[in-house]
$ cat protein-v2.cif   # mmCIF, C-alpha atoms and all ligand atoms
data_start
#
loop_
_atom_site.label_atom_id
_atom_site.label_comp_id
_atom_site.auth_asym_id
_atom_site.auth_seq_id
_atom_site.Cartn_x
_atom_site.Cartn_y
_atom_site.Cartn_z
CA MET E 1 73.55 49.05 106.68
CA SER E 2 73.50 51.76 104.07
CA ASN E 3 71.90 54.33 106.41
CA HIS E 4 73.96 53.51 109.50
CA PRO E 5 74.40 56.80 111.43
CA ASN E 6 78.20 56.52 111.39
CA LEU E 7 78.48 55.84 107.68
CA ARG E 8 79.86 58.63 105.53
CA ALA E 9 77.05 60.19 103.56
CA ASP E 10 79.26 60.84 100.53
CA LEU E 11 80.34 57.26 99.91
CA ALA E 12 77.84 56.02 97.37
CA LEU E 13 78.69 55.96 93.69
CA ARG E 14 76.32 57.94 91.52
CA ASP E 15 73.01 56.12 91.07
CA GLY E 16 73.05 53.91 88.04
CA TYR E 17 76.83 53.52 87.86
CA HIS E 18 76.88 49.80 88.57
CA SER E 19 75.71 47.77 85.62
CA PRO E 20 73.07 45.24 86.70
CA GLN E 21 74.49 41.69 86.69
CA VAL E 22 71.59 40.15 84.79
CA ASP E 23 71.77 36.49 83.77
CA VAL E 24 71.50 36.64 79.97
CA SER E 25 73.23 34.75 77.16
CA VAL E 26 74.79 37.79 75.42
CA ARG E 27 76.62 40.06 77.89
CA LEU E 28 77.81 43.21 76.18
CA ASN E 29 77.67 45.60 79.12
CA THR E 30 81.04 45.77 80.89
CA ASN E 31 83.65 45.91 78.11
CA GLU E 32 85.26 42.59 79.00
CA SER E 33 86.80 40.24 76.46
CA PRO E 34 84.13 37.93 75.02
CA TYR E 35 86.70 35.14 74.92
CA ALA E 36 88.14 33.10 77.77
CA PRO E 37 91.92 33.35 78.11
CA PRO E 38 93.71 31.18 75.49
CA ALA E 39 94.29 27.50 76.34
CA GLY E 40 98.02 28.14 76.83
CA PHE E 41 97.23 30.54 79.65
CA THR E 42 95.52 28.03 81.91
CA GLU E 43 98.32 25.50 81.37
CA ALA E 44 101.07 28.06 82.08
CA LEU E 45 99.28 29.21 85.24
CA ALA E 46 98.68 25.64 86.42
CA ARG E 47 102.37 24.82 85.89
CA SER E 48 103.51 27.79 87.96
CA ILE E 49 101.13 27.37 90.90
CA GLY E 50 103.01 24.47 92.44
CA ASP E 51 106.15 26.60 92.80
CA LEU E 52 104.52 29.69 94.28
CA GLY E 53 105.20 28.89 97.93
CA LEU E 54 101.89 30.30 99.09
CA ASN E 55 102.88 30.00 102.76
CA ARG E 56 105.09 33.07 102.09
CA TYR E 57 104.07 36.62 101.32
CA PRO E 58 104.30 37.54 97.63
CA ASP E 59 107.24 39.33 96.04
CA ARG E 60 106.47 42.87 97.20
CA GLN E 61 108.19 44.35 94.16
CA ALA E 62 106.55 41.92 91.67
CA VAL E 63 109.94 41.87 89.93
CA LEU E 64 109.24 39.23 87.30
CA LEU E 65 105.84 40.60 86.34
CA ARG E 66 107.02 44.19 86.12
CA SER E 67 109.99 43.13 83.96
CA ALA E 68 107.72 41.19 81.61
CA ILE E 69 105.27 44.12 81.30
CA ALA E 70 108.18 46.51 80.76
CA SER E 71 109.53 44.47 77.87
CA LEU E 72 106.05 44.23 76.34
CA ASP E 73 105.56 47.99 76.44
CA GLY E 74 109.17 48.97 75.64
CA VAL E 75 110.07 50.58 78.97
CA GLN E 76 112.28 49.70 81.98
CA PRO E 77 110.99 47.63 84.95
CA ASP E 78 111.38 50.61 87.30
CA GLN E 79 108.87 52.44 85.11
CA VAL E 80 106.08 49.97 85.94
CA VAL E 81 103.93 49.49 89.03
CA CYS E 82 101.17 46.87 89.26
CA ALA E 83 98.04 46.64 91.38
CA ASN E 84 94.72 44.83 91.70
CA GLY E 85 93.03 46.15 88.59
CA SER E 86 93.63 49.57 87.16
CA ASN E 87 91.07 50.88 89.64
CA GLU E 88 93.56 50.21 92.43
CA VAL E 89 96.29 51.82 90.34
CA LEU E 90 94.09 54.93 90.01
CA GLN E 91 93.47 54.93 93.75
CA ALA E 92 97.21 54.67 94.49
CA ILE E 93 97.91 57.57 92.10
CA LEU E 94 95.28 59.71 93.81
CA LEU E 95 96.57 58.78 97.27
CA ALA E 96 100.15 59.58 96.31
CA PHE E 97 99.65 62.71 94.20
CA ALA E 98 96.40 64.27 95.43
CA GLY E 99 94.55 63.58 98.71
CA PRO E 100 92.49 65.96 100.85
CA SER E 101 92.46 69.59 99.67
CA ALA E 102 94.15 68.82 96.33
CA THR E 103 92.27 69.60 93.13
CA VAL E 104 91.76 67.14 90.30
CA VAL E 105 90.31 67.91 86.87
CA VAL E 106 88.19 65.52 84.79
CA ALA E 107 86.48 65.95 81.41
CA GLU E 108 82.89 64.67 81.54
CA PRO E 109 81.33 62.42 80.53
CA THR E 110 84.13 60.04 81.41
CA TYR E 111 85.00 57.03 83.57
CA ALA E 112 83.17 57.66 86.84
CA LEU E 113 85.82 56.13 89.10
CA HIS E 114 88.32 58.94 88.49
CA SER E 115 86.15 61.50 90.25
CA HIS E 116 84.58 58.96 92.59
CA ILE E 117 87.90 57.90 94.15
CA ALA E 118 89.00 61.54 94.22
CA SER E 119 85.88 62.51 96.12
CA LEU E 120 86.35 59.63 98.60
CA LEU E 121 89.76 61.10 99.33
CA GLY E 122 88.34 64.56 99.90
CA CYS E 123 89.81 66.13 96.77
CA ALA E 124 88.18 69.12 95.14
CA ILE E 125 87.01 68.10 91.67
CA VAL E 126 86.63 70.31 88.62
CA HIS E 127 84.26 68.70 86.11
CA LEU E 128 84.82 70.14 82.64
CA GLN E 129 82.29 69.32 79.93
CA ARG E 130 83.44 67.81 76.66
CA ARG E 131 82.22 69.15 73.32
CA ALA E 132 79.06 67.64 71.74
CA ASP E 133 81.29 65.21 69.80
CA PHE E 134 82.90 64.26 73.15
CA THR E 135 86.37 65.56 72.32
CA ILE E 136 88.13 67.55 75.05
CA GLU E 137 88.45 71.31 74.70
CA VAL E 138 92.13 71.24 75.52
CA ASP E 139 92.56 75.03 75.79
CA ALA E 140 89.77 75.14 78.37
CA MET E 141 91.28 72.20 80.24
CA ILE E 142 94.75 73.77 80.37
CA LYS E 143 93.20 77.00 81.60
CA GLU E 144 91.19 75.22 84.29
CA VAL E 145 94.11 73.07 85.47
CA ASN E 146 96.26 76.18 85.83
CA ALA E 147 93.52 78.31 87.42
CA SER E 148 92.76 75.65 90.04
CA ASN E 149 96.43 74.73 90.51
CA ALA E 150 95.33 71.12 90.05
CA ALA E 151 97.54 68.28 91.28
CA LEU E 152 96.16 65.79 88.76
CA ALA E 153 94.23 65.92 85.51
CA PHE E 154 92.61 62.83 83.99
CA VAL E 155 92.44 62.07 80.30
CA CYS E 156 90.73 58.80 79.46
CA SER E 157 91.79 57.80 75.96
CA PRO E 158 89.98 56.04 74.41
CA ASN E 159 87.35 57.52 76.68
CA ASN E 160 84.87 55.33 78.50
CA PRO E 161 81.93 55.47 77.73
CA THR E 162 82.20 57.53 74.54
CA GLY E 163 85.10 55.72 72.76
CA THR E 164 86.76 59.05 71.88
CA LEU E 165 90.50 58.92 71.17
CA GLU E 166 92.33 62.04 72.31
CA PRO E 167 94.97 63.56 69.97
CA LEU E 168 98.47 62.99 71.37
CA GLU E 169 99.09 66.68 70.92
CA SER E 170 96.45 67.45 73.57
CA ILE E 171 98.26 65.26 76.09
CA GLN E 172 101.59 66.76 75.13
CA ARG E 173 100.16 70.24 75.66
CA LEU E 174 98.56 69.37 79.01
CA ALA E 175 101.89 67.94 80.19
CA THR E 176 103.95 70.93 79.10
CA GLU E 177 101.54 73.85 79.66
CA THR E 178 100.37 72.93 83.19
CA ASN E 179 102.02 71.86 86.44
CA ALA E 180 99.64 68.97 87.05
CA MET E 181 100.48 65.31 86.71
CA ILE E 182 98.48 64.06 83.72
CA VAL E 183 96.91 60.62 84.17
CA VAL E 184 96.14 59.03 80.82
CA ASP E 185 93.80 56.11 81.38
CA GLU E 186 94.49 53.70 78.52
CA ALA E 187 92.34 50.83 79.79
CA TYR E 188 91.28 50.45 76.14
CA GLY E 189 94.60 51.56 74.66
CA GLN E 190 95.38 48.33 72.82
CA PHE E 191 92.28 48.73 70.64
CA ALA E 192 93.39 52.19 69.53
CA PRO E 193 95.75 53.14 66.71
CA ARG E 194 98.03 55.22 68.95
CA SER E 195 99.17 55.53 72.56
CA VAL E 196 100.90 58.07 74.73
CA LEU E 197 103.75 55.58 74.79
CA ASP E 198 104.40 56.58 71.15
CA LEU E 199 105.46 60.05 72.35
CA ASP E 200 108.99 61.05 73.40
CA PRO E 201 109.59 59.04 76.63
CA ALA E 202 110.60 62.28 78.40
CA ILE E 203 106.88 63.06 78.63
CA LEU E 204 106.61 60.37 81.31
CA GLU E 205 108.10 62.79 83.85
CA ARG E 206 104.68 64.44 83.75
CA VAL E 207 102.37 61.72 82.46
CA ILE E 208 101.18 58.47 84.04
CA VAL E 209 99.77 55.87 81.65
CA VAL E 210 97.32 53.41 83.21
CA ARG E 211 96.55 50.05 81.62
CA THR E 212 94.72 46.87 82.54
CA PHE E 213 94.65 43.12 81.99
CA SER E 214 90.84 43.20 82.23
CA LYS E 215 90.08 43.84 78.56
CA THR E 216 92.63 42.72 75.95
CA TRP E 217 94.14 40.09 78.21
CA ALA E 218 90.76 38.54 79.03
CA LEU E 219 91.52 38.60 82.76
CA ALA E 220 88.86 40.84 84.31
CA GLY E 221 88.39 38.14 86.97
CA VAL E 222 92.07 38.23 88.01
CA ARG E 223 92.16 41.98 88.82
CA LEU E 224 95.47 43.20 87.45
CA GLY E 225 96.35 46.65 86.19
CA TYR E 226 99.47 48.77 85.97
CA ALA E 227 100.90 52.23 85.51
CA ILE E 228 103.84 53.31 83.36
CA SER E 229 105.71 56.52 84.10
CA ALA E 230 109.15 57.86 85.03
CA PRO E 231 110.92 55.87 87.81
CA SER E 232 110.52 58.68 90.38
CA VAL E 233 106.78 58.89 89.64
CA ILE E 234 106.44 55.11 89.90
CA SER E 235 108.10 55.04 93.30
CA GLY E 236 105.73 57.85 94.33
CA ILE E 237 102.69 55.82 93.25
CA SER E 238 104.01 52.82 95.21
CA GLN E 239 103.62 54.91 98.39
CA GLY E 240 99.86 54.71 97.81
CA LEU E 241 99.82 50.90 97.88
CA LEU E 242 99.63 48.52 100.84
CA PRO E 243 102.54 46.16 101.53
CA TYR E 244 102.14 42.83 99.70
CA HIS E 245 99.07 44.15 97.93
CA LEU E 246 99.53 41.96 94.83
CA SER E 247 99.09 38.25 95.54
CA SER E 248 101.47 35.61 94.20
CA LEU E 249 98.52 34.16 92.28
CA THR E 250 97.82 37.46 90.56
CA GLN E 251 101.48 37.89 89.67
CA ALA E 252 101.61 34.37 88.26
CA ALA E 253 98.43 34.95 86.26
CA GLY E 254 99.88 38.12 84.74
CA LEU E 255 103.08 36.29 83.77
CA ALA E 256 101.13 33.41 82.26
CA ALA E 257 99.01 35.86 80.26
CA LEU E 258 102.09 37.60 78.87
CA GLU E 259 103.24 34.26 77.45
CA THR E 260 100.15 34.36 75.22
CA ALA E 261 100.91 37.78 73.74
CA ALA E 262 100.76 36.48 70.16
CA ALA E 263 97.25 35.07 70.68
CA MET E 264 96.19 38.36 72.26
CA GLU E 265 97.33 40.35 69.24
CA ILE E 266 95.13 38.21 67.00
CA ARG E 267 92.16 38.73 69.30
CA ILE E 268 92.65 42.48 69.35
CA GLU E 269 92.48 42.48 65.55
CA ALA E 270 89.29 40.41 65.68
CA ILE E 271 87.66 42.79 68.18
CA VAL E 272 88.65 45.85 66.11
CA GLU E 273 87.16 44.16 63.04
CA GLY E 274 84.02 43.38 65.06
CA ARG E 275 83.83 47.02 66.11
CA GLU E 276 83.87 48.15 62.48
CA GLU E 277 81.12 45.62 61.65
CA VAL E 278 78.94 46.76 64.56
CA ALA E 279 79.51 50.41 63.60
CA ALA E 280 78.45 49.60 60.03
CA GLY E 281 75.37 47.74 61.32
CA LEU E 282 74.42 50.64 63.58
CA GLY E 283 74.84 52.93 60.56
CA ASP E 284 71.86 51.17 58.95
CA LEU E 285 69.62 51.73 61.98
CA PRO E 286 67.86 54.85 63.33
CA VAL E 287 70.54 55.60 65.93
CA GLU E 288 73.19 58.26 66.37
CA GLN E 289 76.66 56.81 67.14
CA TRP E 290 80.10 58.16 67.97
CA PRO E 291 83.44 57.00 66.51
CA SER E 292 85.14 54.58 68.90
CA ALA E 293 88.77 53.52 69.30
CA ALA E 294 87.84 51.07 72.07
CA ASN E 295 86.02 47.71 72.32
CA PHE E 296 82.60 49.34 72.68
CA ILE E 297 80.40 51.85 70.89
CA LEU E 298 78.15 54.53 72.36
CA PHE E 299 74.90 55.10 70.50
CA ARG E 300 71.61 56.90 70.91
CA PRO E 301 68.29 55.65 69.54
CA ILE E 302 66.57 58.39 67.56
CA GLU E 303 63.03 59.16 68.67
CA ARG E 304 62.90 56.07 70.86
CA SER E 305 63.47 55.72 74.59
CA ALA E 306 66.84 54.15 75.46
CA ASP E 307 65.31 52.70 78.66
CA GLU E 308 62.67 50.87 76.63
CA ILE E 309 65.16 49.64 74.04
CA TRP E 310 67.48 48.45 76.84
CA GLN E 311 64.62 46.43 78.40
CA GLN E 312 63.55 45.00 75.04
CA LEU E 313 67.12 43.84 74.43
CA VAL E 314 67.31 42.24 77.91
CA ASP E 315 64.02 40.43 77.20
CA LYS E 316 65.72 38.96 74.12
CA GLY E 317 68.81 37.90 76.13
CA VAL E 318 71.11 40.80 75.17
CA LEU E 319 72.55 43.02 77.92
CA VAL E 320 74.08 46.40 77.00
CA ARG E 321 75.00 49.31 79.26
CA ASN E 322 72.25 51.82 79.87
CA CYS E 323 73.97 55.22 80.14
CA ALA E 324 70.72 57.18 79.71
CA GLY E 325 70.74 58.46 83.28
CA TRP E 326 74.30 59.83 83.15
CA PRO E 327 74.69 63.58 82.76
CA GLY E 328 75.67 64.42 79.19
CA LEU E 329 74.65 60.98 77.89
CA GLU E 330 70.90 61.44 77.73
CA ASN E 331 69.16 58.52 76.00
CA CYS E 332 72.48 56.77 75.26
CA LEU E 333 73.35 53.07 75.34
CA ARG E 334 76.79 51.49 75.11
CA VAL E 335 77.48 48.13 73.54
CA THR E 336 80.66 46.10 74.12
CA ILE E 337 82.03 44.33 71.06
CA GLY E 338 81.52 40.57 71.47
CA THR E 339 82.10 37.51 69.32
CA PRO E 340 80.84 37.74 65.70
CA GLU E 341 77.76 35.72 66.76
CA GLU E 342 77.05 38.02 69.72
CA ASN E 343 77.48 41.12 67.56
CA ALA E 344 75.07 39.73 64.97
CA LYS E 345 72.50 38.83 67.63
CA PHE E 346 72.79 42.32 69.13
CA LEU E 347 72.29 44.02 65.75
CA ASP E 348 69.32 41.77 64.89
CA GLU E 349 67.58 42.34 68.21
CA LEU E 350 68.32 46.07 68.19
CA GLY E 351 66.96 46.32 64.65
CA ALA E 352 63.81 44.48 65.73
CA ALA E 353 63.41 46.65 68.85
CA LEU E 354 63.73 49.85 66.85
CA THR E 355 61.10 48.97 64.25
N1 LIG E 401 89.65 52.64 83.48
C1 LIG E 401 88.64 52.61 82.62
C2 LIG E 401 88.51 53.70 81.62
C3 LIG E 401 87.71 51.57 82.63
O1 LIG E 401 86.69 51.57 81.79
C4 LIG E 401 87.87 50.53 83.59
C5 LIG E 401 86.93 49.36 83.66
N2 LIG E 401 85.64 49.58 83.44
C6 LIG E 401 88.92 50.63 84.47
C7 LIG E 401 89.81 51.68 84.39
C8 LIG E 401 89.11 49.63 85.56
O2 LIG E 401 89.48 48.44 85.09
P1 LIG E 401 90.13 47.33 86.03
O3 LIG E 401 90.05 47.81 87.43
O4 LIG E 401 89.30 46.12 85.77
O5 LIG E 401 91.53 47.21 85.54
#

$ encode --input "protein-v2.cif" --output "structure tokens"
Amino acid sequence: MSNHPNLRADLALRDGYHSPQVDVSVRLNTNESPYAPPAGFTEALARSIGDLGLNRYPDRQAVLLRSAIASLDGVQPDQVVCANGSNEVLQAILLAFAGPSATVVVAEPTYALHSHIASLLGCAIVHLQRRADFTIEVDAMIKEVNASNAALAFVCSPNNPTGTLEPLESIQRLATETNAMIVVDEAYGQFAPRSVLDLDPAILERVIVVRTFSKTWALAGVRLGYAISAPSVISGISQGLLPYHLSSLTQAAGLAALETAAAMEIRIEAIVEGREEVAAGLGDLPVEQWPSAANFILFRPIERSADEIWQQLVDKGVLVRNCAGWPGLENCLRVTIGTPEENAKFLDELGAALT
């Protein structure tokens, strides 16, 4: 199939993007929650299923879900749009605000899907390089966005896969010193000490914040993400979505999850604590690491091959993300924060592999 003569040659994601789905006991490779959704979630979802009326199309406006998300994040329902995972939100943004011949700017290394979806749509992409510490050179980015008359610029904060948290001032400057729409991907925002949503809400005329239920909310399997912005921007993004794109089941799952917000807050604290423990453990090993505000840490074995270490970890039942082949991330691995037991097992096996 993959070399069918009619297939677009530019479709494939960069080699090595997809993390292998290896059957191991400790899976720390895709930044999911290590915990199943809380017990209350399954009960709330089960209770609502009987009333969903699945013979009918879903609520196209997802009114209840958008209202519940809006009250969680302190905005109005018309400032929220939901889709099947934040990947679909990103696609809708690109469809609505970019498209063929538009330019989008990304700061590499970053989440590959931003430029991948843009290239599927025929956008021109400007790939800026981050500094060695993976922060964005904001002056250079502003200059590039203006020089290329970019429609969209992406800031992933905390950045996947480096964990870097962008200063709010950089986002403020990008929004006020360029004409582009600034997409701030906060897929990991709840693990970070600050969010764009802390800024003056007027910034949302020029900024789109993207969030997901896949991490904090322990619902990667449900596929639910959303964007927050000004109402006119949100109705623009909706133009990039198919009618009835969000199933009644997905909407119900999101609503059930939001009922467990208190349990989620406790879990976020536990993951952040786990992150600090893993960072401390890595600090005792011969690896370089970068500060992370997310639920993962990027690190680089010193004088050892990341490919070999990755394989040794797999052989011991621990799967991390091998980023060694990605430009700008030579010899790097990324570990997702798991349960305390998983974190301890990872640190033990990594320590053993490195000696
Ligand atoms: N943005 C970033 C930065 C991510 O890391 C991910 C998941 N890997 C996503 C968006 C997509 O998440 P989802 O589609 O599961 O919401």

$ residues_near_ligand --input "protein-v2.cif" --ligand "ligand LIG 401 (chain E)" --cutoff "6 Å" --atoms "all atoms listed in the file" --output "VMD selection string"
chain E and resid 85 to 87 111 156 160 185 187 212 214 220 223 to 225

$ write_last_selection --input "protein-v2.cif" --atoms "C-alpha atoms" --output "mmCIF file, in the frame of the given file"
data_model
loop_
_atom_site.group_PDB
_atom_site.id
_atom_site.type_symbol
_atom_site.label_atom_id
_atom_site.label_comp_id
_atom_site.auth_asym_id
_atom_site.auth_seq_id
_atom_site.Cartn_x
_atom_site.Cartn_y
_atom_site.Cartn_z
ATOM 1 C CA GLY E 85 93.030 46.150 88.590
ATOM 2 C CA SER E 86 93.630 49.570 87.160
ATOM 3 C CA ASN E 87 91.070 50.880 89.640
ATOM 4 C CA TYR E 111 85.000 57.030 83.570
ATOM 5 C CA CYS E 156 90.730 58.800 79.460
ATOM 6 C CA ASN E 160 84.870 55.330 78.500
ATOM 7 C CA ASP E 185 93.800 56.110 81.380
ATOM 8 C CA ALA E 187 92.340 50.830 79.790
ATOM 9 C CA THR E 212 94.720 46.870 82.540
ATOM 10 C CA SER E 214 90.840 43.200 82.230
ATOM 11 C CA ALA E 220 88.860 40.840 84.310
ATOM 12 C CA ARG E 223 92.160 41.980 88.820
ATOM 13 C CA LEU E 224 95.470 43.200 87.450
ATOM 14 C CA GLY E 225 96.350 46.650 86.190
#

$ closest_residue --input "protein-v2.cif" --among "E:Gln311, E:Thr110, E:Thr103, E:Thr250" --to "Glu144 in chain E" --atoms "all atoms listed in the file"
E:Thr103

$ residues_around --input "protein-v2.cif" --residues "Ser248 in chain E" --least-positions-apart "3" --cutoff "8 Å" --atoms "only C-alpha atoms" --output "PyMOL selection string"
chain E and resi 52+54+57-59+251-252

$ write_last_selection --input "protein-v2.cif" --atoms "C-alpha atoms" --output "PDB file, in the coordinates of the input"
ATOM      1  CA  LEU E  52     104.520  29.690  94.280  1.00  0.00           C
ATOM      2  CA  LEU E  54     101.890  30.300  99.090  1.00  0.00           C
ATOM      3  CA  TYR E  57     104.070  36.620 101.320  1.00  0.00           C
ATOM      4  CA  PRO E  58     104.300  37.540  97.630  1.00  0.00           C
ATOM      5  CA  ASP E  59     107.240  39.330  96.040  1.00  0.00           C
ATOM      6  CA  GLN E 251     101.480  37.890  89.670  1.00  0.00           C
ATOM      7  CA  ALA E 252     101.610  34.370  88.260  1.00  0.00           C
TER       8      ALA E 252
END

$ residues_around --input "protein-v2.cif" --residues "range 265-274 of chain E" --least-positions-apart "4" --cutoff "9 Å" --atoms "only C-alpha atoms" --output "list of chain:residue names"
E:Ser33, E:Tyr35, E:Gln190, E:Phe191, E:Ala192, E:Thr216, E:Thr260, E:Ala261, E:Val278, E:Ala279, E:Ala293, E:Ala294, E:Asn295, E:Ile337, E:Gly338, E:Thr339, E:Pro340, E:Asn343

$ closest_residue --input "protein-v2.cif" --among "E:Asn6, E:Thr178, E:Thr162, E:Ser235" --to "Leu333 in chain E" --atoms "all atoms listed in the file"
E:Thr162

$ closest_residue --input "protein-v2.cif" --among "E:Ile142, E:Ile208, E:Ala227, E:Val233" --to "Val89 in chain E" --atoms "all atoms listed in the file"
E:Ala227

$ residues_around --input "protein-v2.cif" --residues "Gln79 in chain E" --least-positions-apart "2" --cutoff "10 Å" --atoms "all atoms listed in the file" --output "ChimeraX atom specification"
/E:66-67,69-70,75-77,81,204,208,227-235

$ write_last_selection --input "protein-v2.cif" --atoms "C-alpha atoms" --output "compact mmCIF listing (two decimals), in the frame of the given file"
# COMPACT_ATOMS: atom_id res chain seq x y z
CA ARG E 66 107.02 44.19 86.12
CA SER E 67 109.99 43.13 83.96
CA ILE E 69 105.27 44.12 81.30
CA ALA E 70 108.18 46.51 80.76
CA VAL E 75 110.07 50.58 78.97
CA GLN E 76 112.28 49.70 81.98
CA PRO E 77 110.99 47.63 84.95
CA VAL E 81 103.93 49.49 89.03
CA LEU E 204 106.61 60.37 81.31
CA ILE E 208 101.18 58.47 84.04
CA ALA E 227 100.90 52.23 85.51
CA ILE E 228 103.84 53.31 83.36
CA SER E 229 105.71 56.52 84.10
CA ALA E 230 109.15 57.86 85.03
CA PRO E 231 110.92 55.87 87.81
CA SER E 232 110.52 58.68 90.38
CA VAL E 233 106.78 58.89 89.64
CA ILE E 234 106.44 55.11 89.90
CA SER E 235 108.10 55.04 93.30

$ closest_residue --input "protein-v2.cif" --among "E:Ile136, E:Leu285, E:Leu329, E:Ala124" --to "Leu165 in chain E" --atoms "only C-alpha atoms"
E:Ile136

$ closest_residue --input "protein-v2.cif" --among "E:Leu219, E:Leu65, E:Leu241, E:Val155" --to "Leu94 in chain E" --atoms "all atoms listed in the file"
E:Leu241

$ closest_residue --input "protein-v2.cif" --among "E:Val24, E:Leu168, E:Ala9, E:Ala153" --to "Ser115 in chain E" --atoms "all atoms listed in the file"
E:Ala153

$ atom_distance --input "protein-v2.cif" --atom1 "CA of Gly163 in chain E" --atom2 "CA of Trp290 in chain E"
7.3 Å

$ atom_distance --input "protein-v2.cif" --atom1 "CA of Asp23 in chain E" --atom2 "CA of Thr336 in chain E"
16.3 Å

$ atom_distance --input "protein-v2.cif" --atom1 "CA of Leu7 in chain E" --atom2 "CA of Val105 in chain E"
26.8 Å

$ residues_around --input "protein-v2.cif" --residues "Met181 in chain E" --least-positions-apart "5" --cutoff "12 Å" --atoms "all atoms listed in the file" --output "PyMOL selection string"
chain E and resi 93-94+96-98+103-105+145-146+149-155+171-172+174-176+203-209+229-230+233+236-237

$ residues_around --input "protein-v2.cif" --residues "Gly317 in chain E" --least-positions-apart "6" --cutoff "12 Å" --atoms "all atoms listed in the file" --output "MDAnalysis selection string"
chainID E and resid 22:28 310:311 342 345:346 348:350

$ build_atoms --input "protein-v2.cif" --residues "range 83-96 of chain E" --atoms "N, CA, C and O atoms" --output "PDB file, keeping the file's coordinate frame"
ATOM      1  N   ALA E  83      98.980  46.711  90.263  1.00  0.00           N
ATOM      2  CA  ALA E  83      98.040  46.640  91.380  1.00  0.00           C
ATOM      3  C   ALA E  83      96.833  45.805  90.974  1.00  0.00           C
ATOM      4  O   ALA E  83      96.779  45.292  89.853  1.00  0.00           O
ATOM      5  N   ASN E  84      95.896  45.693  91.918  1.00  0.00           N
ATOM      6  CA  ASN E  84      94.720  44.830  91.700  1.00  0.00           C
ATOM      7  C   ASN E  84      93.696  45.536  90.818  1.00  0.00           C
ATOM      8  O   ASN E  84      92.753  46.151  91.285  1.00  0.00           O
ATOM      9  N   GLY E  85      93.885  45.438  89.530  1.00  0.00           N
ATOM     10  CA  GLY E  85      93.030  46.150  88.590  1.00  0.00           C
ATOM     11  C   GLY E  85      93.508  47.574  88.446  1.00  0.00           C
ATOM     12  O   GLY E  85      94.179  48.125  89.335  1.00  0.00           O
ATOM     13  N   SER E  86      93.172  48.188  87.314  1.00  0.00           N
ATOM     14  CA  SER E  86      93.630  49.570  87.160  1.00  0.00           C
ATOM     15  C   SER E  86      92.874  50.491  88.101  1.00  0.00           C
ATOM     16  O   SER E  86      93.342  51.584  88.410  1.00  0.00           O
ATOM     17  N   ASN E  87      91.731  50.053  88.620  1.00  0.00           N
ATOM     18  CA  ASN E  87      91.070  50.880  89.640  1.00  0.00           C
ATOM     19  C   ASN E  87      91.975  51.099  90.849  1.00  0.00           C
ATOM     20  O   ASN E  87      92.048  52.199  91.402  1.00  0.00           O
ATOM     21  N   GLU E  88      92.669  50.042  91.271  1.00  0.00           N
ATOM     22  CA  GLU E  88      93.560  50.210  92.430  1.00  0.00           C
ATOM     23  C   GLU E  88      94.773  51.064  92.056  1.00  0.00           C
ATOM     24  O   GLU E  88      95.291  51.813  92.887  1.00  0.00           O
ATOM     25  N   VAL E  89      95.201  50.955  90.802  1.00  0.00           N
ATOM     26  CA  VAL E  89      96.290  51.820  90.340  1.00  0.00           C
ATOM     27  C   VAL E  89      95.838  53.288  90.444  1.00  0.00           C
ATOM     28  O   VAL E  89      96.578  54.150  90.946  1.00  0.00           O
ATOM     29  N   LEU E  90      94.618  53.553  89.972  1.00  0.00           N
ATOM     30  CA  LEU E  90      94.090  54.930  90.010  1.00  0.00           C
ATOM     31  C   LEU E  90      94.012  55.435  91.454  1.00  0.00           C
ATOM     32  O   LEU E  90      94.357  56.581  91.757  1.00  0.00           O
ATOM     33  N   GLN E  91      93.572  54.537  92.343  1.00  0.00           N
ATOM     34  CA  GLN E  91      93.470  54.930  93.750  1.00  0.00           C
ATOM     35  C   GLN E  91      94.855  55.262  94.321  1.00  0.00           C
ATOM     36  O   GLN E  91      95.020  56.255  95.037  1.00  0.00           O
ATOM     37  N   ALA E  92      95.851  54.426  93.976  1.00  0.00           N
ATOM     38  CA  ALA E  92      97.210  54.670  94.490  1.00  0.00           C
ATOM     39  C   ALA E  92      97.752  56.001  93.955  1.00  0.00           C
ATOM     40  O   ALA E  92      98.414  56.749  94.684  1.00  0.00           O
ATOM     41  N   ILE E  93      97.449  56.297  92.690  1.00  0.00           N
ATOM     42  CA  ILE E  93      97.910  57.570  92.100  1.00  0.00           C
ATOM     43  C   ILE E  93      97.280  58.737  92.860  1.00  0.00           C
ATOM     44  O   ILE E  93      97.950  59.703  93.230  1.00  0.00           O
ATOM     45  N   LEU E  94      95.970  58.616  93.109  1.00  0.00           N
ATOM     46  CA  LEU E  94      95.280  59.710  93.810  1.00  0.00           C
ATOM     47  C   LEU E  94      95.783  59.859  95.239  1.00  0.00           C
ATOM     48  O   LEU E  94      95.949  60.975  95.738  1.00  0.00           O
ATOM     49  N   LEU E  95      96.045  58.719  95.904  1.00  0.00           N
ATOM     50  CA  LEU E  95      96.570  58.780  97.270  1.00  0.00           C
ATOM     51  C   LEU E  95      97.942  59.441  97.293  1.00  0.00           C
ATOM     52  O   LEU E  95      98.251  60.227  98.189  1.00  0.00           O
ATOM     53  N   ALA E  96      98.760  59.100  96.294  1.00  0.00           N
ATOM     54  CA  ALA E  96     100.150  59.580  96.310  1.00  0.00           C
ATOM     55  C   ALA E  96     100.278  61.016  95.811  1.00  0.00           C
ATOM     56  O   ALA E  96     101.135  61.755  96.283  1.00  0.00           O
TER      57      ALA E  96
END
